[in-house]
Structure formats: structure tokens, C-alpha cells
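Below: query33.txt (compact mmCIF, C-alpha atoms and all ligand atoms)
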# COMPACT_ATOMS: atom_id res chain seq x y z
CA MET A 1 63.17 119.59 71.35
CA ALA A 2 62.93 119.31 75.13
CA LEU A 3 62.79 122.10 77.69
CA CYS A 4 66.17 123.84 77.96
CA GLN A 5 67.88 126.67 79.79
CA LEU A 6 70.55 128.91 78.29
CA LEU A 7 72.75 131.39 80.13
CA TYR A 8 75.16 133.86 78.59
CA LEU A 9 77.21 136.89 79.55
CA SER A 10 77.99 139.90 77.40
CA ARG A 11 79.32 143.44 77.56
CA ALA A 12 76.88 146.26 76.84
CA SER A 13 77.87 148.60 74.01
CA GLU A 14 79.38 151.90 75.13
CA LYS A 15 76.34 153.86 74.10
CA MET A 16 73.84 151.67 75.94
CA SER A 17 71.59 153.57 78.37
CA MET A 18 69.07 152.12 80.80
CA ARG A 19 66.35 153.47 78.55
CA ASP A 20 67.83 151.44 75.64
CA ALA A 21 67.98 148.33 77.81
CA MET A 22 64.34 148.78 78.82
CA ALA A 23 63.36 149.11 75.14
CA ILE A 24 65.23 145.85 74.36
CA VAL A 25 63.34 144.05 77.10
CA ASP A 26 59.96 145.50 76.06
CA ALA A 27 60.42 144.13 72.53
CA ALA A 28 62.01 140.92 73.79
CA SER A 29 59.14 140.09 76.13
CA THR A 30 56.63 140.38 73.27
CA HIS A 31 58.77 138.17 70.99
CA ASN A 32 59.45 135.69 73.77
CA ALA A 33 55.79 135.40 74.76
CA GLN A 34 54.98 134.48 71.14
CA ARG A 35 57.67 131.79 71.19
CA GLY A 36 57.00 130.37 74.64
CA LEU A 37 60.26 131.70 76.08
CA THR A 38 60.75 132.93 79.63
CA GLY A 39 63.73 134.39 81.48
CA LEU A 40 65.52 137.29 83.05
CA LEU A 41 68.10 139.85 81.92
CA CYS A 42 70.37 141.36 84.58
CA TYR A 43 72.53 144.42 83.95
CA GLY A 44 75.42 145.49 86.16
CA GLY A 45 78.77 147.25 85.81
CA GLY A 46 78.40 147.47 82.02
CA TYR A 47 77.65 143.74 81.59
CA PHE A 48 74.59 141.63 80.86
CA LEU A 49 73.75 138.21 82.25
CA GLN A 50 70.67 136.60 80.73
CA VAL A 51 68.79 133.34 81.22
CA LEU A 52 66.41 132.03 78.55
CA GLU A 53 64.12 129.03 79.04
CA GLY A 54 61.93 127.17 76.57
CA ASP A 55 62.00 124.68 73.74
CA GLY A 56 65.67 123.99 72.97
CA ASP A 57 65.41 124.82 69.25
CA VAL A 58 63.62 128.09 69.96
CA VAL A 59 66.09 129.03 72.69
CA SER A 60 69.02 128.25 70.40
CA ASP A 61 67.56 130.21 67.48
CA THR A 62 66.81 133.22 69.70
CA PHE A 63 70.28 133.14 71.23
CA CYS A 64 71.87 133.17 67.74
CA ARG A 65 69.89 136.33 66.96
CA ILE A 66 70.79 137.93 70.28
CA ALA A 67 74.48 137.10 69.79
CA ARG A 68 74.53 139.07 66.51
CA ASP A 69 72.99 142.15 68.12
CA GLU A 70 75.35 145.14 68.01
CA ARG A 71 74.01 146.58 71.25
CA HIS A 72 76.37 144.24 73.09
CA HIS A 73 79.56 142.29 72.36
CA GLY A 74 81.84 139.63 73.81
CA VAL A 75 78.87 137.28 74.06
CA ARG A 76 79.94 134.24 76.06
CA LEU A 77 77.69 131.19 76.37
CA ILE A 78 78.00 129.70 79.83
CA ASP A 79 75.23 127.08 79.95
CA PHE A 80 72.82 125.29 77.62
CA SER A 81 71.20 122.36 79.37
CA LEU A 82 68.04 120.29 79.67
CA ILE A 83 65.82 121.27 82.59
CA GLN A 84 62.86 119.57 84.28
CA ALA A 85 60.93 122.75 84.99
CA ARG A 86 61.05 126.48 84.32
CA ARG A 87 62.22 128.79 87.10
CA PHE A 88 61.16 132.10 85.47
CA GLU A 89 57.77 130.88 84.27
CA ASP A 90 55.93 134.18 84.92
CA TRP A 91 58.41 136.37 83.07
CA SER A 92 58.59 136.41 79.27
CA MET A 93 61.52 138.77 80.01
CA ARG A 94 62.38 141.16 82.81
CA LEU A 95 65.23 143.60 83.31
CA ILE A 96 66.91 143.96 86.68
CA ASN A 97 69.48 146.73 86.92
CA LEU A 98 71.95 145.90 89.68
CA ASP A 99 73.38 149.43 89.44
CA ASP A 100 70.01 150.91 90.40
CA PRO A 101 70.65 153.15 93.44
CA ASN A 102 67.15 152.35 94.71
CA LEU A 103 67.91 148.66 95.13
CA PRO A 104 68.79 147.53 98.66
CA GLU A 105 72.55 147.50 99.27
CA GLU A 106 72.80 143.69 99.31
CA SER A 107 71.30 143.47 95.81
CA HIS A 108 73.83 145.73 94.12
CA ARG A 109 76.55 143.24 93.60
CA PRO A 110 75.69 139.94 95.21
CA GLU A 111 78.26 138.97 97.84
CA LYS A 112 79.30 135.73 96.18
CA PHE A 113 80.36 137.61 93.04
CA ARG A 114 82.86 139.77 94.89
CA PHE A 115 85.08 136.76 95.36
CA ASP A 116 84.64 135.42 91.85
CA ARG A 117 87.69 136.04 89.68
CA THR A 118 86.24 134.58 86.47
CA HIS A 119 84.50 137.77 85.33
CA PRO A 120 84.78 141.50 86.15
CA PHE A 121 81.20 141.68 87.45
CA PHE A 122 79.23 138.43 87.21
CA SER A 123 80.42 134.82 87.25
CA THR A 124 81.10 132.42 84.41
CA ASP A 125 80.21 129.51 86.69
CA PRO A 126 76.79 128.35 85.44
CA GLN A 127 75.54 127.38 88.90
CA VAL A 128 76.64 130.62 90.56
CA ALA A 129 75.20 132.64 87.68
CA PHE A 130 71.89 130.74 87.73
CA TRP A 131 71.38 131.04 91.49
CA MET A 132 72.23 134.72 91.41
CA LEU A 133 69.52 135.29 88.78
CA TYR A 134 67.07 133.18 90.76
CA ASP A 135 67.88 135.13 93.96
CA GLN A 136 67.19 138.37 92.10
CA LYS A 137 63.82 137.01 90.98
CA MET A 138 62.90 136.02 94.55
CA GLN A 139 63.94 139.46 95.84
CA ALA A 140 61.89 141.17 93.13
CA LEU A 141 58.83 139.04 94.01
CA ALA A 142 59.27 139.73 97.73
CA LYS A 143 59.33 143.48 97.03
CA GLY A 144 56.04 143.09 95.11
C1 LIG A 201 71.21 142.04 75.95
C2 LIG A 201 70.14 141.70 74.93
C3 LIG A 201 69.13 140.79 75.26
C4 LIG A 201 68.14 140.46 74.34
N1 LIG A 201 67.16 139.55 74.67
C5 LIG A 201 66.25 139.17 73.76
C6 LIG A 201 65.26 138.18 74.06
O1 LIG A 201 65.18 137.65 75.17
N2 LIG A 201 64.38 137.84 73.08
C7 LIG A 201 64.40 138.42 71.85
O2 LIG A 201 63.57 138.07 71.00
N3 LIG A 201 65.29 139.37 71.55
C8 LIG A 201 66.21 139.76 72.46
N4 LIG A 201 67.14 140.73 72.15
C9 LIG A 201 67.02 141.42 70.85
C10 LIG A 201 67.59 140.59 69.73
O3 LIG A 201 68.99 140.69 69.75
C11 LIG A 201 67.04 141.06 68.36
O4 LIG A 201 67.24 142.43 68.21
C12 LIG A 201 65.55 140.80 68.25
O5 LIG A 201 65.28 139.45 68.56
C13 LIG A 201 65.04 141.08 66.81
O6 LIG A 201 65.76 140.27 65.92
P1 LIG A 201 65.63 140.47 64.34
O7 LIG A 201 66.02 141.91 64.08
O8 LIG A 201 66.60 139.48 63.75
O9 LIG A 201 64.20 140.19 64.02
C14 LIG A 201 68.15 141.07 73.06
C15 LIG A 201 69.17 141.97 72.74
C16 LIG A 201 70.16 142.29 73.66
C17 LIG A 201 71.25 143.28 73.29
Written as C-alpha cells, that's how I'd like the structure from this file.
Amino acid sequence: MALCQLLYLSRASEKMSMRDAMAIVDAASTHNAQRGLTGLLCYGGGYFLQVLEGDGDVVSDTFCRIARDERHHGVRLIDFSLIQARRFEDWSMRLINLDDPNLPEESHRPEKFRFDRTHPFFSTDPQVAFWMLYDQKMQALAKG
């Protein structure tokens, strides 16, 4: 299948710690590298927002596995579309914690989300969600 992008939102399980989330991403980046997947996982306010890119069948199969994972719930698919090019090509998976007190103030909860009433923390609008993830990537690259 062609190159696709998938975005979803979910709520982290009550017991989830940042250490747990880092362990998920460590394992995920190894799996994803083997399957030609790239993307980014953002955590904030008890919620996850993730983007996955790659072959559509592989993305779909991986998402089905992720959706069954008991470390989060309320998984809500917000976009699955064909794309011309990857936007997270260097990252087989990364974790960005928006609650991290060391992040600059403007990164904590991106301004545009404060006015979004579709979700308690992120946005269910695929474009807003995508550009927020992409902004986070650019900020992370700028920081080095
Ligand atoms: C928020 C979240 C994001 C995840 N992201 C990925 C991912 O990008 N790739 C991946 O292979 N597994 C990811 N996982 C882990 C999968 O849910 C699953 O545990 C893993 O793929 C192993 O699946 P298996 O036990 O069926 O082999 C994620 C889990 C959670 C809770």
C-alpha cells in the first residue's frame, strides 16, 4: 500500500509514569525501525497524541496492536490519509512530554490548543493536531 499517515489520541492509564512511557517508546522505536515506520508520540495532561507514518498496511496493523494496549484507553483515530512525503523521517519514534518543567513555557500547552474545545488537552482536528506535532519536532531540532 502507499505511504500513509495516521494520527490518534488516547488517555494514558492511571498508573502510567514517564519512565513507563519512555520504555514504550524505546521498544516502539526498535519495532518501527524494523517495519519502516516513523513518527512522534506526545504526552500531556494525561493524554497521548501520536503520529505514525509508513506503508498503509503496516501503519494500520501497528495501530490495531497499539489500540489494544492496556497502558492507555479511549483510543480515538483522528486521521488516516495518503501522504506524499514523510515529515518525521528521522524518528522511528520519539517521546515529547509537554508536562516537562524543563521545556520552554510556550511548549507546555501550545497556544492554539487552549482555545480548542474538542478535547481536554489536545485537538481532534487532524490539521491542528498534525501541525502541533510538527511544531514540536521543529522545536526539538532547534534545541539540538
Ligand atoms: C501510547 C502508546 C504508543 C505506542 N506506540 C507504538 C509504536 O509506535 N510502535 C509499536 O510497535 N508499538 C507501540 N506501542 C506498543 C504496542 O501497543 C505493543 O505493546 C507493541 O507493539 C508489542 O505488541 P505485541 O505485544 O502484540 O507484540 C505503543 C503503546 C502505547 C501505549
Considering all atoms listed in the file, can you say which of A:Arg68, A:Arg19, A:Arg87, A:Arg76 comes closest to Cys4 (chain A)?
A:Arg87
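With all atoms listed in the file as the atoms that count, the minimum distance from Asp79 (chain A) to the choices A:Tyr134, A:Trp91, A:Phe63, A:Tyr47 is reached by A:Phe63.
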Which residue is closest to Ala85 (chain A)? Choose from A:Ala27, A:Ala67, A:Leu41, A:Ala2 and count only C-alpha atoms.
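Answer, going by the shortest atom-to-atom distance: A:Ala2.
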Would you mind telling me which residue in A:Val25, A:Ile96, A:Asn102, A:Gly46 lies nearest to Ile66 (chain A) when using all atoms listed in the file?
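Once distances to Ile66 (chain A) are computed over all atoms listed in the file, the minimum belongs to A:Val25.
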Can you work out which one of A:Trp131, A:Phe48, A:His31, A:Ser17 has the shortest atom-to-atom distance to Arg65 (chain A), counting all atoms listed in the file?
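Residue with the minimum atom-to-atom distance to Arg65 (chain A): A:His31.
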Surroundings of ligand LIG 201 (chain A) up to 10 Å, based on only C-alpha atoms and all ligand atoms, as a count of residues only
56
Rank nothing, just name the residue among A:Ala142, A:Leu103, A:Glu14, A:Ser81 nearest to Pro126 (chain A), using only C-alpha atoms.
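Ranked by minimum distance to Pro126 (chain A), first place goes to A:Ser81.
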Tell me, in Å to one decimal, how far CA of Val128 (chain A) is from CA of Met18 (chain A).
24.8 Å
CA of Ile78 (chain A) to CA of Thr124 (chain A): how many Å, to one decimal?
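These two atoms are separated by 6.2 Å.
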Work out how far apart CA of Gln136 (chain A) and CA of Phe121 (chain A) are and give it in Å to one decimal.
15.1 Å
Show me as a list of chain:residue names the residues that reach within 6 Å of (65.1, 123.3, 77.4), counting all atoms listed in the file and using the file's own coordinates.
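Output: A:Ala2, A:Leu3, A:Cys4, A:Gln5, A:Gly54, A:Asp55, A:Gly56, A:Leu82, A:Ile83.
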Could you put an axis-aligned box around every listed atom of region 27-45 of chain A, padded by 6 Å on each side, and send me its centre and edge lengths in Å to one decimal, as AutoDock Vina command-line options?
--center_x 66.9 --center_y 138.8 --center_z 78.6 --size_x 35.8 --size_y 28.9 --size_z 27.2
